[in-house]
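Participant: This structure is in structure tokens; I'll ask about it shortly.
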Amino acid sequence: MTPHSLTLDRVSYRLADGRPLFSDLSFSFEPLATGLVGANGAGKSVLARLLAGRLSPDSGQVRGSGRVFLLPTPGYPPPGTVAELAGVGDVLDALKRIEAGSVDEADFACVGEQWDVRERLQRHWQALHLPDDLGPAQPAARLSGGQAMQVALSGAWASGADWLILDEPSNHLDARHRQQLYEQLRQWRGGLLVISHDRELLGHMQQIVELDARGLRRYGGPWQHYAAAREAEREAAAAQLDHARAQHRQQQRNAREQHERQQQREARGNRDAKQANQAPILLGRQKQRAEASHGRAQQVQAERLHASAEQVRVAASAVQQVPELALLAGDGERGSARLLQAQDLVLPHGCDAPLQLEILRGQRIAVMGDNGSGKSTLLRVLAGQLPVREGSVQRHAPLALLDQQLLGLAGERSILDSVQAANPTADPGELRTRLALLGLDAQRIQRAAHSLSDGERVKGALASVLYADPAPQLLLLDEPGNALDLGALQALEDLLAAWPGALMMVSHDPHLLRALRPTQVLQVSANGWQWRDAL
């Protein structure tokens, strides 16, 4: 495959509510392994759909040659069939009609060169050790989050496209399948654009492109190069802001000193005029000349002061503000020492082996294992959302679950409504302030949850969990970093490090796992549940 570039030529796009997302955006994506980063809500997923031809710009053009395959972030549980999840539902339907005797040109055009797509998919599924009975017509909801991502990726590898655009392709993947993903990306010879906040995945890219309010900017090299370049930019911007503020303070001092000198001259001139024996008309002319000269000086000084203030404004806008998490944390030093206990616990699906579990105050447990082994099921059973198959669970303290489905934040309900419902006695103004510290402005927190980006919904769900009354003493977190932008990921890591209560977290992100500072690791495998020492 020899793909050409994908080019944006003065592209503008407005959202359904009329808000401008892009304006006069021009950029060329070369056929290199490119990571696309940016804050949640910046428009990365919309940009991907524009590049793939799924959306049309309001103005401008998107140009490219060859076929583009777009893998959007699959929702969980994923809708539709396994074939639709793999992005080949239309192709398989057309194949069926042709095999039944169809001679419709549209069916042949739909299939194109993908006559063996079923066989290629099955080979991919076997290599991934997906269930042997997995078929294209089965509902995708039967799959775990990791299995759903594997199926979606298998459609990308089997597509034969010239360009792949992958939106958060490492979400939900366990460590083994992440390594497989990195190897598959390394072997891909077509054009590649990966939208991700996974720092390990971004480390495998040839270049990083950042999308923000100023447009698209290219950074050579992988994540490490990008991180170093952005840190250098932040330091330079901060230094420029300090310099601009110093210049502005100097101009303010100059203005004060000029005003004081003028007052002194006027006072001296008034004294001299009283003592001088000059005609009034001459004194009037001298006063007019003095006032005109002072007026010109004042105007020049005002222009300089305005210019220095504008330099401060421009410099301040270039300094990236990293959001902080200022969340209501539970008091980990009070209440029962034993928070939860499970005896002879057998899950309704996943691992069949019984589990003995006791969570004490201050424990931090990382849950690790292969996709489909029952990690998410375990958290839902402990939270009381699913029944046990065998055994018992006893809860001795308030707990909260942030799961992959974000059940508390969906549909028409807004983030503010969800957070207020979790803590009905809290001051609404205080909640708005705390949501703002998550990068959720006044407009976003009042919009329907379904209209928000995945990352914005994750932030809102996290807030509704941690702001709850009573505050949880035990947090159950299921892949909490999925869809968070890089700034929010750093803030989440800081929160995990500072959280005083007990934690149990399912994650495959090594950065998040290190930030958790686990006291124990619960590993699930074909051999059952195994406890091991901290990472």
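Going by the structure tokens order, chains are called A, B, ..., each with residues numbered from 1, while ligands are numbered from 1 in the order shown.
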When you look at A:Glu493 with a cut-off of 8 Å (counting only C-alpha atoms), what residues show up, excluding the ones that are within fewer than 3 positions of it in the same chain? I need them as a VMD selection string.
Facilitator: chain A and resid 489 to 490 496 to 497 512 515 to 516
Participant: Please provide as a VMD selection string all residues within 9 Å of stretch 341-357 of chain A, with the sequence filter that same-chain residues fewer than 2 positions apart are discarded (counting only C-alpha atoms).
Facilitator: chain A and resid 338 to 339 359 to 360 372 to 375 377 to 378 381 to 382 386 to 396 524 to 530
Participant: For A:Ala227, work out the shell of residues within 12 Å, counting only C-alpha atoms and skipping chain neighbours fewer than 2 positions away, then give it as a CSV table (one decimal) with C-alpha atoms, in the first residue's frame.
Facilitator:
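Output file out.csv is given in full below:
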```csv
chain,number,residue,atom,x,y,z
A,37,VAL,CA,-3.8,14.2,21.1
A,199,ARG,CA,1.2,7.2,26.8
A,202,LEU,CA,1.9,7.0,21.8
A,203,GLY,CA,5.4,6.0,22.5
A,207,GLN,CA,5.0,11.7,15.2
A,208,ILE,CA,2.5,13.4,17.5
A,209,VAL,CA,-0.1,16.0,16.3
A,210,GLU,CA,-1.9,18.1,18.9
A,219,TYR,CA,5.6,17.4,16.8
A,220,GLY,CA,8.3,15.1,15.5
A,221,GLY,CA,9.0,11.8,17.3
A,222,PRO,CA,7.0,9.7,19.7
A,223,TRP,CA,5.3,10.6,23.0
A,224,GLN,CA,8.6,11.1,24.8
A,225,HIS,CA,9.7,13.8,22.3
A,229,ALA,CA,8.8,19.6,23.6
A,230,ARG,CA,5.5,20.6,25.4
A,231,GLU,CA,7.4,21.0,28.7
A,232,ALA,CA,9.9,23.3,27.0
A,233,GLU,CA,7.0,25.3,25.4
A,234,ARG,CA,5.3,25.6,28.8
A,486,LEU,CA,-3.7,13.7,29.2
A,487,GLY,CA,-4.2,16.5,31.7
```
Participant: Can you tell me, as a PDB file with N, CA, C and O atoms, in the first residue's frame, what residues are no more than 12 Å from A:Pro72 when counting only C-alpha atoms, ignoring any on the same chain fewer than 3 positions away?
Facilitator:
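Saved result, out-v3.pdb, follows:
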```
ATOM      1  N   LYS A  44     -11.435  15.807  18.439  1.00  0.00           N
ATOM      2  CA  LYS A  44     -10.606  14.782  17.800  1.00  0.00           C
ATOM      3  C   LYS A  44     -11.461  13.735  17.069  1.00  0.00           C
ATOM      4  O   LYS A  44     -11.158  13.364  15.932  1.00  0.00           O
ATOM      5  N   SER A  45     -12.525  13.257  17.712  1.00  0.00           N
ATOM      6  CA  SER A  45     -13.370  12.236  17.085  1.00  0.00           C
ATOM      7  C   SER A  45     -14.130  12.808  15.895  1.00  0.00           C
ATOM      8  O   SER A  45     -14.324  12.119  14.883  1.00  0.00           O
ATOM      9  N   VAL A  46     -14.570  14.061  15.999  1.00  0.00           N
ATOM     10  CA  VAL A  46     -15.232  14.708  14.855  1.00  0.00           C
ATOM     11  C   VAL A  46     -14.248  14.856  13.697  1.00  0.00           C
ATOM     12  O   VAL A  46     -14.587  14.600  12.534  1.00  0.00           O
ATOM     13  N   LEU A  47     -13.013  15.243  14.011  1.00  0.00           N
ATOM     14  CA  LEU A  47     -11.989  15.357  12.978  1.00  0.00           C
ATOM     15  C   LEU A  47     -11.763  14.020  12.293  1.00  0.00           C
ATOM     16  O   LEU A  47     -11.625  13.952  11.059  1.00  0.00           O
ATOM     17  N   ALA A  48     -11.748  12.928  13.072  1.00  0.00           N
ATOM     18  CA  ALA A  48     -11.568  11.595  12.492  1.00  0.00           C
ATOM     19  C   ALA A  48     -12.695  11.266  11.526  1.00  0.00           C
ATOM     20  O   ALA A  48     -12.459  10.714  10.442  1.00  0.00           O
ATOM     21  N   ARG A  49     -13.917  11.612  11.886  1.00  0.00           N
ATOM     22  CA  ARG A  49     -15.061  11.323  11.006  1.00  0.00           C
ATOM     23  C   ARG A  49     -15.023  12.183   9.746  1.00  0.00           C
ATOM     24  O   ARG A  49     -15.443  11.740   8.669  1.00  0.00           O
ATOM     25  N   ALA A  52     -12.463  10.556   7.476  1.00  0.00           N
ATOM     26  CA  ALA A  52     -12.938   9.283   6.935  1.00  0.00           C
ATOM     27  C   ALA A  52     -14.134   9.446   6.007  1.00  0.00           C
ATOM     28  O   ALA A  52     -14.617   8.457   5.450  1.00  0.00           O
ATOM     29  N   ARG A  54     -17.109  10.338   6.931  1.00  0.00           N
ATOM     30  CA  ARG A  54     -18.370  10.067   7.628  1.00  0.00           C
ATOM     31  C   ARG A  54     -19.163  11.349   7.883  1.00  0.00           C
ATOM     32  O   ARG A  54     -20.368  11.306   8.101  1.00  0.00           O
ATOM     33  N   PHE A  69     -10.359   3.459   6.641  1.00  0.00           N
ATOM     34  CA  PHE A  69     -11.143   2.678   7.599  1.00  0.00           C
ATOM     35  C   PHE A  69     -11.099   3.402   8.940  1.00  0.00           C
ATOM     36  O   PHE A  69     -10.031   3.649   9.481  1.00  0.00           O
ATOM     37  N   GLY A  75     -18.873   1.868  22.098  1.00  0.00           N
ATOM     38  CA  GLY A  75     -19.531   2.013  23.379  1.00  0.00           C
ATOM     39  C   GLY A  75     -19.591   0.671  24.099  1.00  0.00           C
ATOM     40  O   GLY A  75     -19.345  -0.384  23.511  1.00  0.00           O
ATOM     41  N   PRO A  78     -21.428  -2.840  23.541  1.00  0.00           N
ATOM     42  CA  PRO A  78     -21.549  -2.405  22.150  1.00  0.00           C
ATOM     43  C   PRO A  78     -22.881  -2.827  21.557  1.00  0.00           C
ATOM     44  O   PRO A  78     -23.364  -3.935  21.814  1.00  0.00           O
ATOM     45  N   GLU A  84     -21.153  -5.951  12.737  1.00  0.00           N
ATOM     46  CA  GLU A  84     -21.255  -4.489  12.742  1.00  0.00           C
ATOM     47  C   GLU A  84     -20.171  -3.878  13.608  1.00  0.00           C
ATOM     48  O   GLU A  84     -19.605  -2.831  13.264  1.00  0.00           O
ATOM     49  N   LEU A  85     -19.844  -4.539  14.718  1.00  0.00           N
ATOM     50  CA  LEU A  85     -18.770  -4.054  15.583  1.00  0.00           C
ATOM     51  C   LEU A  85     -17.437  -4.069  14.846  1.00  0.00           C
ATOM     52  O   LEU A  85     -16.610  -3.167  15.008  1.00  0.00           O
ATOM     53  N   ALA A  86     -17.223  -5.088  13.989  1.00  0.00           N
ATOM     54  CA  ALA A  86     -15.993  -5.187  13.210  1.00  0.00           C
ATOM     55  C   ALA A  86     -16.000  -4.268  11.997  1.00  0.00           C
ATOM     56  O   ALA A  86     -14.998  -4.192  11.269  1.00  0.00           O
ATOM     57  N   GLY A  87     -17.113  -3.571  11.764  1.00  0.00           N
ATOM     58  CA  GLY A  87     -17.192  -2.630  10.653  1.00  0.00           C
ATOM     59  C   GLY A  87     -17.397  -3.267   9.300  1.00  0.00           C
ATOM     60  O   GLY A  87     -17.152  -2.632   8.274  1.00  0.00           O
ATOM     61  N   MET A 149     -13.202  -4.649  21.885  1.00  0.00           N
ATOM     62  CA  MET A 149     -12.164  -3.891  21.207  1.00  0.00           C
ATOM     63  C   MET A 149     -11.353  -4.792  20.280  1.00  0.00           C
ATOM     64  O   MET A 149     -10.963  -4.381  19.174  1.00  0.00           O
ATOM     65  N   ALA A 152     -13.380  -5.241  17.139  1.00  0.00           N
ATOM     66  CA  ALA A 152     -13.360  -4.010  16.336  1.00  0.00           C
ATOM     67  C   ALA A 152     -12.024  -3.860  15.620  1.00  0.00           C
ATOM     68  O   ALA A 152     -11.975  -3.508  14.429  1.00  0.00           O
ATOM     69  N   LEU A 153     -10.920  -4.156  16.307  1.00  0.00           N
ATOM     70  CA  LEU A 153      -9.599  -4.062  15.687  1.00  0.00           C
ATOM     71  C   LEU A 153      -9.414  -5.108  14.595  1.00  0.00           C
ATOM     72  O   LEU A 153      -8.747  -4.847  13.585  1.00  0.00           O
ATOM     73  N   GLY A 155     -11.552  -6.052  12.519  1.00  0.00           N
ATOM     74  CA  GLY A 155     -12.124  -5.481  11.297  1.00  0.00           C
ATOM     75  C   GLY A 155     -11.171  -4.513  10.628  1.00  0.00           C
ATOM     76  O   GLY A 155     -11.108  -4.443   9.393  1.00  0.00           O
ATOM     77  N   ALA A 156     -10.408  -3.764  11.432  1.00  0.00           N
ATOM     78  CA  ALA A 156      -9.429  -2.835  10.862  1.00  0.00           C
ATOM     79  C   ALA A 156      -8.321  -3.593  10.135  1.00  0.00           C
ATOM     80  O   ALA A 156      -7.964  -3.264   8.997  1.00  0.00           O
ATOM     81  N   LEU A 164      -5.779   3.733   8.153  1.00  0.00           N
ATOM     82  CA  LEU A 164      -6.512   3.371   9.360  1.00  0.00           C
ATOM     83  C   LEU A 164      -6.569   4.585  10.282  1.00  0.00           C
ATOM     84  O   LEU A 164      -5.548   5.224  10.554  1.00  0.00           O
ATOM     85  N   ILE A 165      -7.772   4.906  10.749  1.00  0.00           N
ATOM     86  CA  ILE A 165      -7.953   5.923  11.781  1.00  0.00           C
ATOM     87  C   ILE A 165      -8.573   5.211  12.975  1.00  0.00           C
ATOM     88  O   ILE A 165      -9.705   4.738  12.910  1.00  0.00           O
ATOM     89  N   LEU A 166      -7.819   5.102  14.051  1.00  0.00           N
ATOM     90  CA  LEU A 166      -8.222   4.327  15.224  1.00  0.00           C
ATOM     91  C   LEU A 166      -8.433   5.265  16.400  1.00  0.00           C
ATOM     92  O   LEU A 166      -7.521   5.997  16.782  1.00  0.00           O
ATOM     93  N   ASP A 167      -9.631   5.226  16.986  1.00  0.00           N
ATOM     94  CA  ASP A 167      -9.979   6.103  18.094  1.00  0.00           C
ATOM     95  C   ASP A 167      -9.894   5.315  19.401  1.00  0.00           C
ATOM     96  O   ASP A 167     -10.717   4.441  19.663  1.00  0.00           O
ATOM     97  N   GLU A 168      -8.889   5.617  20.223  1.00  0.00           N
ATOM     98  CA  GLU A 168      -8.640   4.968  21.509  1.00  0.00           C
ATOM     99  C   GLU A 168      -8.603   3.438  21.374  1.00  0.00           C
ATOM    100  O   GLU A 168      -9.359   2.718  22.032  1.00  0.00           O
ATOM    101  N   PRO A 169      -7.715   2.888  20.528  1.00  0.00           N
ATOM    102  CA  PRO A 169      -7.739   1.448  20.250  1.00  0.00           C
ATOM    103  C   PRO A 169      -7.246   0.569  21.389  1.00  0.00           C
ATOM    104  O   PRO A 169      -7.458  -0.646  21.353  1.00  0.00           O
ATOM    105  N   SER A 170      -6.588   1.133  22.407  1.00  0.00           N
ATOM    106  CA  SER A 170      -6.091   0.301  23.511  1.00  0.00           C
ATOM    107  C   SER A 170      -7.055   0.249  24.687  1.00  0.00           C
ATOM    108  O   SER A 170      -6.789  -0.461  25.662  1.00  0.00           O
ATOM    109  N   ASN A 171      -8.187   0.967  24.593  1.00  0.00           N
ATOM    110  CA  ASN A 171      -9.158   0.943  25.689  1.00  0.00           C
ATOM    111  C   ASN A 171      -9.611  -0.488  25.969  1.00  0.00           C
ATOM    112  O   ASN A 171      -9.950  -1.232  25.037  1.00  0.00           O
ATOM    113  N   LEU A 193      -3.472   6.897  11.670  1.00  0.00           N
ATOM    114  CA  LEU A 193      -3.741   7.999  12.591  1.00  0.00           C
ATOM    115  C   LEU A 193      -4.417   7.403  13.825  1.00  0.00           C
ATOM    116  O   LEU A 193      -5.489   6.804  13.721  1.00  0.00           O
ATOM    117  N   VAL A 194      -3.776   7.541  14.983  1.00  0.00           N
ATOM    118  CA  VAL A 194      -4.262   6.945  16.224  1.00  0.00           C
ATOM    119  C   VAL A 194      -4.628   8.060  17.197  1.00  0.00           C
ATOM    120  O   VAL A 194      -3.760   8.847  17.596  1.00  0.00           O
ATOM    121  N   ILE A 195      -5.910   8.134  17.558  1.00  0.00           N
ATOM    122  CA  ILE A 195      -6.358   9.065  18.589  1.00  0.00           C
ATOM    123  C   ILE A 195      -6.229   8.347  19.918  1.00  0.00           C
ATOM    124  O   ILE A 195      -6.845   7.296  20.133  1.00  0.00           O
ATOM    125  N   SER A 196      -5.431   8.877  20.818  1.00  0.00           N
ATOM    126  CA  SER A 196      -5.191   8.158  22.063  1.00  0.00           C
ATOM    127  C   SER A 196      -4.629   9.083  23.126  1.00  0.00           C
ATOM    128  O   SER A 196      -4.009  10.115  22.823  1.00  0.00           O
ATOM    129  N   ASP A 454     -16.751  11.282  25.351  1.00  0.00           N
ATOM    130  CA  ASP A 454     -16.542  10.198  26.304  1.00  0.00           C
ATOM    131  C   ASP A 454     -15.748  10.683  27.513  1.00  0.00           C
ATOM    132  O   ASP A 454     -16.057  10.354  28.659  1.00  0.00           O
TER     133      ASP A 454
END
```
Participant: Using Å and a single decimal, report how far atom CA of A:Arg265 sits from atom CA of A:Gln252.
Facilitator: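 Going from atom CA of A:Gln252 over to atom CA of A:Arg265 covers 20.0 Å.
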Participant: Set the distance at 7 Å and use only C-alpha atoms: which residues neighbour A:Met505 once local chain neighbours fewer than 6 positions away are removed? I'd like the list as a CSV table (one decimal) with N, CA, C and O atoms, in the first residue's frame.
Facilitator:
```csv
chain,number,residue,atom,x,y,z
A,365,ILE,N,-5.9,-2.2,46.1
A,365,ILE,CA,-5.8,-3.5,45.4
A,365,ILE,C,-5.9,-3.2,43.9
A,365,ILE,O,-6.9,-2.6,43.4
A,366,ALA,N,-4.9,-3.7,43.2
A,366,ALA,CA,-5.0,-3.7,41.7
A,366,ALA,C,-5.5,-5.1,41.2
A,366,ALA,O,-5.0,-6.1,41.7
A,367,VAL,N,-6.5,-5.1,40.4
A,367,VAL,CA,-7.1,-6.3,39.9
A,367,VAL,C,-6.6,-6.4,38.4
A,367,VAL,O,-6.9,-5.5,37.6
A,476,LEU,N,-14.4,1.5,44.0
A,476,LEU,CA,-14.2,0.4,43.0
A,476,LEU,C,-14.2,1.1,41.7
A,476,LEU,O,-15.2,1.6,41.2
A,477,LEU,N,-13.0,1.0,41.0
A,477,LEU,CA,-12.8,1.7,39.8
A,477,LEU,C,-12.5,0.7,38.6
A,477,LEU,O,-11.6,-0.1,38.8
A,478,ASP,N,-13.3,0.8,37.6
A,478,ASP,CA,-13.1,-0.1,36.4
A,478,ASP,C,-12.6,0.7,35.2
A,478,ASP,O,-13.4,1.4,34.6
```
Participant: Using only C-alpha atoms for the distances, tell me which of A:Ala39, A:Ala228, A:Val68, A:Val88 is nearest to A:Val111.
Facilitator: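 Closest to A:Val111, using only C-alpha atoms: A:Val88.
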